[in-house]
file data-v4.txt (compact mmCIF, C-alpha atoms)
# COMPACT_ATOMS: atom_id res chain seq x y z
CA MET J 510 -0.36 -25.95 -22.63
CA ASN J 511 -1.55 -23.21 -25.00
CA PHE J 512 1.65 -21.46 -26.08
CA SER J 513 -0.29 -18.91 -28.15
CA ARG J 514 -2.05 -17.55 -25.10
CA ILE J 515 1.20 -17.58 -23.13
CA GLY J 516 2.86 -15.60 -25.92
CA LEU J 517 0.02 -13.06 -25.98
CA ALA J 518 0.17 -12.67 -22.19
CA ALA J 519 3.96 -12.22 -22.21
CA GLY J 520 3.79 -9.72 -25.05
CA THR J 521 1.02 -7.79 -23.31
CA LEU J 522 2.96 -7.69 -20.03
CA GLY J 523 6.04 -6.43 -21.86
CA LEU J 524 3.99 -3.72 -23.52
CA ILE J 525 2.53 -2.66 -20.15
CA LEU J 526 5.91 -2.38 -18.49
CA GLY J 527 7.70 -0.91 -21.47
CA THR J 528 5.17 1.71 -22.57
CA PRO J 529 5.28 4.94 -20.57
CA ALA J 530 1.93 6.40 -19.59
CA PHE J 531 1.10 9.86 -20.83
CA ALA J 532 2.81 12.13 -18.30
CA GLU J 533 -0.27 14.17 -17.40
CA GLN J 534 -2.86 11.32 -17.69
CA GLN J 535 -5.46 14.05 -18.19
CA TRP J 536 -8.42 12.14 -19.53
CA PRO J 537 -11.01 14.09 -21.55
CA GLU J 538 -14.49 14.29 -20.11
CA SER J 539 -15.84 12.74 -23.32
CA PHE J 540 -14.40 11.62 -26.66
CA GLY J 541 -14.86 9.33 -29.61
CA TYR J 542 -12.27 6.79 -30.69
CA LEU J 543 -11.42 4.63 -33.67
CA GLY J 544 -8.96 1.77 -33.40
CA VAL J 545 -7.62 -1.63 -34.28
CA GLN J 546 -7.46 -4.65 -32.07
CA GLY J 547 -5.73 -8.02 -32.05
CA SER J 548 -7.13 -10.96 -30.08
CA TYR J 549 -6.80 -14.68 -29.57
CA TYR J 550 -10.16 -16.50 -29.82
CA ASP J 551 -10.18 -19.59 -27.57
CA ILE J 552 -13.19 -21.81 -28.41
CA GLU J 553 -14.60 -24.24 -25.87
CA ASP J 554 -14.51 -27.86 -27.04
CA GLY J 555 -17.68 -29.92 -27.66
CA ARG J 556 -19.47 -28.02 -30.41
CA ASP J 557 -20.86 -29.63 -33.53
CA ALA J 558 -18.65 -30.27 -36.57
CA ILE J 559 -18.87 -26.72 -37.91
CA GLY J 560 -18.61 -24.97 -34.54
CA ASP J 561 -15.74 -27.13 -33.27
CA VAL J 562 -12.88 -25.20 -34.90
CA GLU J 563 -9.27 -24.50 -34.08
CA ASN J 564 -8.47 -21.49 -31.91
CA TYR J 565 -7.39 -18.51 -33.99
CA TRP J 566 -5.98 -15.00 -34.01
CA GLN J 567 -8.52 -12.41 -35.02
CA PRO J 568 -7.85 -8.77 -36.04
CA ALA J 569 -10.67 -6.30 -35.59
CA VAL J 570 -11.66 -2.66 -35.98
CA ASN J 571 -13.71 -0.81 -33.40
CA LEU J 572 -15.55 2.47 -33.00
CA GLY J 573 -16.47 3.80 -29.57
CA TYR J 574 -17.59 6.80 -27.62
CA ARG J 575 -16.89 7.79 -24.03
CA PHE J 576 -19.96 9.72 -22.90
CA ASN J 577 -18.45 10.82 -19.58
CA PRO J 578 -15.70 9.64 -17.23
CA ARG J 579 -17.89 6.73 -16.10
CA PHE J 580 -19.67 5.29 -19.19
CA SER J 581 -18.78 4.37 -22.79
CA ALA J 582 -20.02 2.15 -25.62
CA GLN J 583 -18.13 0.30 -28.37
CA LEU J 584 -18.97 -1.34 -31.70
CA GLN J 585 -16.50 -3.90 -33.04
CA TYR J 586 -16.10 -6.13 -36.07
CA GLY J 587 -13.43 -8.80 -36.50
CA LYS J 588 -12.73 -11.42 -39.13
CA ALA J 589 -10.27 -14.32 -39.33
CA GLU J 590 -9.65 -17.69 -40.96
CA THR J 591 -9.46 -21.00 -39.10
CA SER J 592 -10.23 -24.65 -39.78
CA ALA J 593 -12.56 -27.32 -38.43
CA LYS J 594 -10.97 -29.78 -36.01
CA ASN J 595 -12.64 -32.98 -37.17
CA ILE J 596 -13.29 -32.39 -40.88
CA ASN J 597 -11.02 -30.99 -43.54
CA LEU J 598 -12.63 -27.59 -44.01
CA ASP J 599 -11.41 -24.03 -43.93
CA VAL J 600 -13.72 -21.75 -41.98
CA ASP J 601 -14.16 -17.99 -42.09
CA ALA J 602 -14.92 -16.58 -38.62
CA GLU J 603 -16.63 -13.23 -38.12
CA LEU J 604 -17.53 -11.60 -34.82
CA ALA J 605 -19.53 -8.37 -34.40
CA SER J 606 -20.34 -6.97 -30.98
CA ILE J 607 -21.74 -3.98 -29.16
CA VAL J 608 -20.73 -3.46 -25.55
CA GLY J 609 -21.45 -0.89 -22.85
CA ARG J 610 -18.62 -0.22 -20.46
CA LEU J 611 -18.45 1.01 -16.87
CA HIS J 612 -15.17 2.80 -16.09
CA PHE J 613 -13.49 3.41 -12.73
CA PRO J 614 -11.49 6.68 -13.09
CA GLU J 615 -10.77 6.82 -9.37
CA TRP J 616 -8.71 3.58 -9.55
CA SER J 617 -5.29 3.00 -11.08
CA VAL J 618 -3.63 -0.33 -11.90
CA ILE J 619 0.06 0.30 -12.75
CA GLY J 620 -0.98 3.47 -14.54
CA PHE J 621 -4.07 1.96 -16.20
CA GLN J 622 -7.73 2.83 -15.63
CA PRO J 623 -9.88 -0.32 -15.22
CA TYR J 624 -13.31 -0.97 -16.72
CA ALA J 625 -15.95 -3.69 -17.01
CA GLY J 626 -18.22 -4.24 -20.00
CA LEU J 627 -21.39 -6.12 -20.92
CA GLY J 628 -23.08 -6.50 -24.30
CA TYR J 629 -24.22 -8.60 -27.25
CA GLY J 630 -22.15 -10.47 -29.84
CA ARG J 631 -22.93 -12.22 -33.15
CA ASN J 632 -20.47 -14.91 -34.17
CA GLU J 633 -20.64 -16.50 -37.62
CA LEU J 634 -18.60 -19.51 -38.76
CA ASP J 635 -18.74 -19.93 -42.55
CA PRO J 636 -17.17 -23.16 -43.90
CA GLU J 637 -16.28 -23.55 -47.57
CA VAL J 638 -19.14 -25.82 -48.62
CA LEU J 639 -21.56 -25.99 -45.69
CA ASP J 640 -24.12 -23.62 -44.29
CA THR J 641 -23.03 -20.77 -42.08
CA LYS J 642 -23.30 -21.37 -38.35
CA LYS J 643 -24.62 -18.30 -36.50
CA GLU J 644 -24.29 -17.88 -32.76
CA ASP J 645 -25.83 -15.25 -30.50
CA MET J 646 -23.61 -14.45 -27.53
CA VAL J 647 -23.61 -12.53 -24.27
CA VAL J 648 -20.33 -10.62 -24.09
CA GLY J 649 -18.58 -9.70 -20.83
CA GLU J 650 -15.34 -7.73 -20.59
CA LEU J 651 -12.69 -6.85 -18.01
CA GLY J 652 -10.07 -4.42 -19.28
CA LEU J 653 -7.56 -1.66 -18.68
CA GLN J 654 -6.98 1.58 -20.58
CA ARG J 655 -4.01 3.93 -20.57
CA LEU J 656 -3.33 7.20 -22.37
CA LEU J 657 -0.16 7.09 -24.44
CA SER J 658 -0.56 10.73 -25.54
CA ARG J 659 -3.35 13.24 -25.95
CA SER J 660 -4.51 11.38 -29.07
CA PHE J 661 -3.76 7.67 -28.49
CA MET J 662 -5.04 5.15 -25.97
CA LEU J 663 -3.89 1.61 -25.22
CA ASP J 664 -6.66 -0.90 -24.47
CA LEU J 665 -6.16 -4.43 -23.21
CA GLY J 666 -8.28 -7.02 -21.47
CA VAL J 667 -10.15 -10.27 -21.83
CA ARG J 668 -13.62 -11.05 -23.17
CA GLY J 669 -15.90 -13.88 -22.12
CA LEU J 670 -18.48 -14.96 -24.77
CA LEU J 671 -21.42 -17.10 -23.66
CA GLU J 672 -23.31 -18.76 -26.56
CA THR J 673 -26.98 -18.32 -25.68
CA ASP J 674 -28.38 -21.57 -27.14
CA ASP J 675 -25.90 -24.27 -26.15
CA ARG J 676 -24.20 -22.39 -23.29
CA PHE J 677 -20.71 -22.84 -24.70
CA PHE J 678 -18.24 -20.35 -23.19
CA ASP J 679 -15.36 -18.89 -25.22
CA SER J 680 -12.62 -16.50 -24.11
CA GLN J 681 -10.84 -13.81 -26.06
CA PRO J 682 -7.83 -11.90 -24.60
CA TYR J 683 -7.18 -8.77 -26.62
CA ILE J 684 -4.98 -5.71 -27.02
CA GLY J 685 -5.88 -2.60 -29.03
CA LEU J 686 -4.68 0.85 -30.04
CA ASN J 687 -7.22 3.64 -30.42
CA TRP J 688 -7.08 7.13 -31.89
CA LEU J 689 -9.10 9.73 -29.99
CA PHE J 690 -11.19 12.44 -31.65
CA GLY J 691 -13.79 15.00 -30.59
CA LYS J 692 -12.17 15.36 -27.17
CA ARG J 693 -13.90 17.57 -24.62
CA TYR J 694 -12.13 18.51 -21.39
CA ALA J 695 -13.68 19.75 -18.17
CA GLU J 696 -13.79 23.51 -17.90
CA ALA J 697 -11.48 25.08 -15.37
CA PRO J 698 -13.31 26.42 -12.33
CA ALA J 699 -14.00 30.12 -12.41
CA PRO J 700 -11.51 32.11 -10.35
CA LYS J 701 -12.69 33.30 -6.99
CA PRO J 702 -13.32 37.03 -6.81
CA ALA J 703 -10.53 38.99 -5.17
CA PRO J 704 -11.31 40.01 -1.60
CA ARG J 705 -12.31 43.60 -1.10
CA ASN J 706 -9.59 45.84 0.25
CA GLU J 707 -11.12 46.98 3.47
CA GLU J 708 -9.33 49.50 5.62
CA PRO J 709 -8.04 47.61 8.69
CA LEU J 710 -8.86 48.83 12.14
CA TRP J 711 -6.25 51.08 13.76
CA ILE J 712 -4.75 48.95 16.52
CA ASP J 713 -1.33 49.69 18.00
CA SER J 714 -0.67 46.97 20.57
CA ASP J 715 2.86 48.06 21.55
CA GLY J 716 2.14 51.79 21.49
CA ASP J 717 4.97 52.71 19.13
CA GLY J 718 2.80 54.78 16.80
CA VAL J 719 2.71 52.15 13.99
CA PRO J 720 -0.56 50.15 13.58
CA ASP J 721 -0.38 46.39 13.98
CA HIS J 722 -1.15 45.64 10.30
CA LEU J 723 2.01 47.55 9.30
CA ASP J 724 4.16 46.74 12.34
CA GLN J 725 6.95 44.27 11.46
CA CYS J 726 8.40 44.40 14.99
CA PRO J 727 5.36 44.00 17.29
CA ASP J 728 7.34 43.81 20.58
CA THR J 729 9.16 47.14 20.48
CA PRO J 730 10.19 48.30 24.00
CA ALA J 731 8.09 51.16 25.36
CA GLY J 732 9.63 54.55 24.59
CA ALA J 733 11.96 53.32 21.84
CA LEU J 734 12.38 55.27 18.62
CA VAL J 735 11.03 53.27 15.65
CA ASP J 736 11.12 53.44 11.86
CA ASP J 737 8.16 53.36 9.44
CA VAL J 738 7.55 49.63 9.95
CA GLY J 739 7.72 49.73 13.74
CA CYS J 740 11.26 48.40 14.28
CA HIS J 741 13.41 50.17 16.89
CA LEU J 742 16.32 52.33 15.79
CA VAL J 743 19.74 51.30 17.11
CA LEU J 744 22.99 53.09 17.77
CA THR J 745 26.09 51.02 17.01
CA GLU J 746 29.04 51.46 19.40
CA THR J 747 32.53 50.20 18.50
CA VAL J 748 34.96 49.24 21.30
CA ASN J 749 38.75 48.92 20.76
CA ILE J 750 41.23 47.72 23.37
CA THR J 751 44.99 47.07 23.00
CA LEU J 752 47.09 44.80 25.28
CA HIS J 753 50.88 45.13 25.62
CA VAL J 754 52.73 42.34 27.52
CA GLU J 755 56.58 42.39 27.68
CA PHE J 756 58.86 39.38 28.23
CA ASP J 757 62.37 38.76 29.56
CA HIS J 758 65.15 37.90 27.12
CA ASP J 759 64.59 34.50 25.43
CA SER J 760 61.55 33.88 27.70
CA THR J 761 57.93 32.89 27.08
CA THR J 762 56.83 33.25 30.71
CA VAL J 763 53.98 35.72 31.30
CA LYS J 764 54.84 37.90 34.29
CA GLN J 765 52.30 38.14 37.10
CA GLY J 766 52.28 41.91 36.84
CA TYR J 767 50.53 41.72 33.46
CA LEU J 768 47.60 39.58 34.69
CA PRO J 769 45.36 42.62 35.45
CA GLU J 770 45.81 43.86 31.86
CA ILE J 771 45.04 40.41 30.48
CA GLN J 772 41.97 40.33 32.74
CA GLU J 773 40.69 43.53 31.12
CA VAL J 774 40.87 41.81 27.74
CA ALA J 775 38.93 38.87 29.18
CA GLN J 776 36.26 41.21 30.56
CA VAL J 777 35.75 42.82 27.16
CA LEU J 778 35.47 39.40 25.52
CA THR J 779 32.86 38.42 28.14
CA GLN J 780 30.89 41.65 27.59
CA TYR J 781 30.90 41.15 23.79
CA PRO J 782 30.21 37.43 23.18
CA GLY J 783 30.62 37.83 19.42
CA ALA J 784 34.11 39.41 19.61
CA GLU J 785 37.43 37.67 18.95
CA VAL J 786 41.00 38.58 19.96
CA LEU J 787 44.18 38.48 17.86
CA LEU J 788 47.41 37.91 19.83
CA GLU J 789 50.58 38.98 17.99
CA GLY J 790 53.96 37.86 19.37
CA HIS J 791 57.16 39.92 18.83
CA THR J 792 60.91 39.63 19.68
CA ASP J 793 63.98 41.82 19.68
CA SER J 794 66.72 41.32 17.08
CA THR J 795 68.95 39.11 19.23
CA GLY J 796 69.43 35.69 17.62
CA SER J 797 68.50 34.37 14.15
CA ALA J 798 65.34 35.42 12.36
CA THR J 799 64.04 31.81 12.29
CA TYR J 800 64.55 31.39 16.02
CA ASN J 801 62.88 34.71 16.74
CA GLN J 802 59.89 33.78 14.56
CA ASN J 803 59.27 30.60 16.55
CA LEU J 804 59.83 32.48 19.83
CA SER J 805 57.24 35.11 18.89
CA VAL J 806 54.63 32.43 18.22
CA ALA J 807 55.40 30.77 21.57
CA ARG J 808 54.89 34.10 23.41
CA ALA J 809 51.51 34.64 21.76
CA ASN J 810 50.47 31.10 22.70
CA ALA J 811 51.57 31.73 26.31
CA VAL J 812 49.16 34.68 26.62
CA MET J 813 46.43 32.58 24.97
CA ARG J 814 46.88 29.90 27.67
CA VAL J 815 46.45 32.52 30.39
CA LEU J 816 43.17 33.74 28.84
CA ILE J 817 41.88 30.18 28.67
CA SER J 818 43.07 28.81 32.03
CA GLU J 819 42.78 31.91 34.23
CA PHE J 820 39.75 33.67 32.77
CA GLY J 821 37.74 30.94 30.98
CA ILE J 822 37.82 32.40 27.45
CA GLY J 823 37.04 29.80 24.77
CA ALA J 824 39.98 28.82 22.54
CA GLU J 825 37.81 29.25 19.42
CA ARG J 826 37.69 33.02 20.12
CA ILE J 827 41.48 33.45 20.20
CA ARG J 828 43.82 33.70 17.20
CA THR J 829 47.62 33.86 17.50
CA SER J 830 50.27 35.08 15.10
CA GLY J 831 54.10 35.35 15.28
CA MET J 832 55.71 38.48 13.87
CA GLY J 833 59.32 37.65 14.88
CA GLU J 834 61.67 40.66 14.93
CA SER J 835 59.98 42.32 11.95
CA GLN J 836 57.99 45.01 13.79
CA PRO J 837 60.11 46.69 16.49
CA ILE J 838 58.62 49.61 18.42
CA ALA J 839 61.93 50.70 19.98
CA ASP J 840 65.66 50.73 19.22
CA ASN J 841 67.16 47.22 19.35
CA GLY J 842 70.58 48.89 19.96
CA THR J 843 69.74 49.53 23.64
CA ALA J 844 68.70 47.15 26.45
CA GLU J 845 65.63 49.28 27.15
CA GLY J 846 64.57 49.22 23.51
CA ARG J 847 65.05 45.47 23.22
CA ALA J 848 62.89 44.97 26.35
CA GLN J 849 60.06 46.91 24.74
CA ASN J 850 60.32 44.86 21.56
CA ARG J 851 59.95 41.58 23.48
CA ARG J 852 56.18 41.71 23.71
CA VAL J 853 52.72 40.37 22.85
CA GLU J 854 50.06 42.72 21.58
CA ALA J 855 46.34 41.91 21.63
CA VAL J 856 43.77 43.80 19.60
CA ILE J 857 40.00 43.43 20.03
CA GLN J 858 37.38 45.08 17.90
CA ALA J 859 33.86 44.66 19.27
CA SER J 860 30.56 46.37 18.64
CA ARG J 861 27.20 46.45 20.35
CA GLU J 862 23.84 47.94 19.53
CA GLU J 863 21.84 50.11 21.88
CA ILE J 864 18.19 50.98 21.36
CA GLN J 865 17.65 54.70 20.93
CA MET J 866 14.99 56.04 23.28
CA ARG J 867 12.73 59.04 22.90

call {"tool": "encode", "arguments": {"input": "data-v4.txt", "output": "structure tokens"}}
result
Amino acid sequence: MNFSRIGLAAGTLGLILGTPAFAEQQWPESFGYLGVQGSYYDIEDGRDAIGDVENYWQPAVNLGYRFNPRFSAQLQYGKAETSAKNINLDVDAELASIVGRLHFPEWSVIGFQPYAGLGYGRNELDPEVLDTKKEDMVVGELGLQRLLSRSFMLDLGVRGLLETDDRFFDSQPYIGLNWLFGKRYAEAPAPKPAPRNEEPLWIDSDGDGVPDHLDQCPDTPAGALVDDVGCHLVLTETVNITLHVEFDHDSTTVKQGYLPEIQEVAQVLTQYPGAEVLLEGHTDSTGSATYNQNLSVARANAVMRVLISEFGIGAERIRTSGMGESQPIADNGTAEGRAQNRRVEAVIQASREEIQMR
């Protein structure tokens, strides 16, 4: 198992997942770049004594140009030191290449733009005391590129190198960092000319005197008065009604004689669906204040039950409150005055809008 290649693959994967892509990923239409690259050169076994060397790490420098979003070309030179496998010799390894690349800007692989390359390579192995071995190679590439910022690009992939004479095949996974220069971005499209302001045709579909292109209320009733934008004018009417129900001493029973008055309240609530009623219970001054407070609440609740059970008014439209003996309307010193103070009052405030007609 080749632990060097495993280490390079793990490091490359960590860099992919840990390096955020440039937020906009706005690639220039064309640009030049200058960069450095690190690779692991894996040599196929079976060469002669000079060519059969140990695999090695090779740093390189490269210069490239992206002609348009689809095509680019790159020159590269790398140099490293290794050793022959079967003889005790140190070997200098140099690789120069020129590659044309086809890019696929419409694809994305975890934030990277893929490409494929094809070109020519010249590999030279120079041992200490023997003649230099020179190899012509066909170079193929599969790679991914990702913008790290407006000026830096990450490049990673794998190269296949086919030696033209003996058909030996080497591989070279790589990772590089490039600095971009001479960037040219696509020009923004020219803004569309503003439409001409043509006078709209005078059409008044609802006959309210306001043309349709200005009418914000297109369904105004015939004959209604309207404002400048065609909406009908309304007259607001406020309706007030007060209920007064009296009770016997220490009683919460609603007398039958008060049902017609309670019915009037129910009719108003039916006519004005948005209105609510407040029922206020009261007592005379007989008994303790605490007892009278509770009694006043019970009387208000008794009228509420009549509105709900007899006239079908929803409970959510009724509020009750106990005032105890605090708000007398007559003299508690007389039987007649105390009778008037034992009461429930109901107050409704409702409003409705009526369309004003011509």

call {"tool": "residues_around", "arguments": {"input": "data-v4.txt", "residues": "Pro636 in chain J", "least_positions_apart": "2", "cutoff": "10 Å", "atoms": "all atoms listed in the file", "output": "MDAnalysis selection string"}}
result
chainID J and resid 559:560 590:593 597:602 633:634 638:642

call {"tool": "axis_aligned_box", "arguments": {"input": "data-v4.txt", "around": "range 811-824 of chain J", "padding_each_side": "3 Å", "output": "AutoDock Vina command-line options"}}
result
--center_x 44.3 --center_y 31.7 --center_z 28.4 --size_x 20.5 --size_y 11.9 --size_z 17.7

call {"tool": "atom_distance", "arguments": {"input": "data-v4.txt", "atom1": "CA of Trp616 in chain J", "atom2": "CA of Ser660 in chain J"}}
result
21.4 Å

call {"tool": "closest_residue", "arguments": {"input": "data-v4.txt", "among": "J:Arg668, J:Lys643, J:Arg610, J:Arg575", "to": "Leu689 in chain J", "atoms": "all atoms listed in the file"}}
result
J:Arg575

call {"tool": "atom_distance", "arguments": {"input": "data-v4.txt", "atom1": "CA of Tyr767 in chain J", "atom2": "CA of Arg828 in chain J"}}
result
19.3 Å

call {"tool": "atom_distance", "arguments": {"input": "data-v4.txt", "atom1": "CA of Glu644 in chain J", "atom2": "CA of Asn632 in chain J"}}
result
5.0 Å

call {"tool": "residues_around", "arguments": {"input": "data-v4.txt", "residues": "range 541-554 of chain J", "least_positions_apart": "2", "cutoff": "9 Å", "atoms": "only C-alpha atoms", "output": "count of residues only"}}
result
44

call {"tool": "residues_near_point", "arguments": {"input": "data-v4.txt", "point": "(46.5, 39.1, 17.2)", "cutoff": "9 Å", "atoms": "all atoms listed in the file", "output": "PyMOL selection string"}}
result
chain J and resi 786-790+809+827-831+853-857

call {"tool": "build_atoms", "arguments": {"input": "data-v4.txt", "residues": "range 538-558 of chain J", "atoms": "N, CA and C atoms", "output": "compact mmCIF listing (two decimals), keeping the file's coordinate frame"}}
result
# COMPACT_ATOMS: atom_id res chain seq x y z
N GLU J 538 -13.19 14.62 -20.68
CA GLU J 538 -14.49 14.29 -20.11
C GLU J 538 -15.27 13.36 -21.04
N SER J 539 -15.18 13.59 -22.34
CA SER J 539 -15.84 12.74 -23.32
C SER J 539 -15.01 12.77 -24.61
N PHE J 540 -15.13 11.70 -25.40
CA PHE J 540 -14.40 11.62 -26.66
C PHE J 540 -14.89 10.42 -27.46
N GLY J 541 -14.66 10.48 -28.76
CA GLY J 541 -14.86 9.33 -29.61
C GLY J 541 -13.51 8.69 -29.91
N TYR J 542 -13.53 7.43 -30.33
CA TYR J 542 -12.27 6.79 -30.69
C TYR J 542 -12.50 5.75 -31.78
N LEU J 543 -11.45 5.58 -32.57
CA LEU J 543 -11.42 4.63 -33.67
C LEU J 543 -10.12 3.86 -33.54
N GLY J 544 -10.19 2.52 -33.63
CA GLY J 544 -8.96 1.77 -33.40
C GLY J 544 -8.95 0.41 -34.03
N VAL J 545 -7.83 -0.26 -33.82
CA VAL J 545 -7.62 -1.63 -34.28
C VAL J 545 -7.31 -2.48 -33.06
N GLN J 546 -7.64 -3.75 -33.20
CA GLN J 546 -7.46 -4.65 -32.07
C GLN J 546 -7.00 -6.02 -32.56
N GLY J 547 -6.13 -6.65 -31.79
CA GLY J 547 -5.73 -8.02 -32.05
C GLY J 547 -6.14 -8.89 -30.88
N SER J 548 -6.66 -10.09 -31.17
CA SER J 548 -7.13 -10.96 -30.08
C SER J 548 -6.87 -12.42 -30.42
N TYR J 549 -6.94 -13.23 -29.39
CA TYR J 549 -6.80 -14.68 -29.57
C TYR J 549 -8.11 -15.33 -29.12
N TYR J 550 -8.83 -15.93 -30.08
CA TYR J 550 -10.16 -16.50 -29.82
C TYR J 550 -9.99 -17.96 -29.41
N ASP J 551 -10.32 -18.24 -28.13
CA ASP J 551 -10.18 -19.59 -27.57
C ASP J 551 -11.57 -20.21 -27.46
N ILE J 552 -11.86 -21.23 -28.32
CA ILE J 552 -13.19 -21.81 -28.41
C ILE J 552 -13.29 -23.04 -27.51
N GLU J 553 -14.38 -23.09 -26.74
CA GLU J 553 -14.60 -24.24 -25.87
C GLU J 553 -14.90 -25.49 -26.71
N ASP J 554 -14.30 -26.59 -26.32
CA ASP J 554 -14.51 -27.86 -27.04
C ASP J 554 -15.94 -28.37 -26.85
N GLY J 555 -16.40 -29.22 -27.81
CA GLY J 555 -17.68 -29.92 -27.66
C GLY J 555 -18.75 -29.47 -28.61
N ARG J 556 -18.45 -28.48 -29.47
CA ARG J 556 -19.47 -28.02 -30.41
C ARG J 556 -19.68 -29.07 -31.52
N ASP J 557 -20.63 -28.75 -32.39
CA ASP J 557 -20.86 -29.63 -33.53
C ASP J 557 -19.71 -29.49 -34.52
N ALA J 558 -19.78 -30.19 -35.63
CA ALA J 558 -18.65 -30.27 -36.57
C ALA J 558 -18.24 -28.91 -37.10
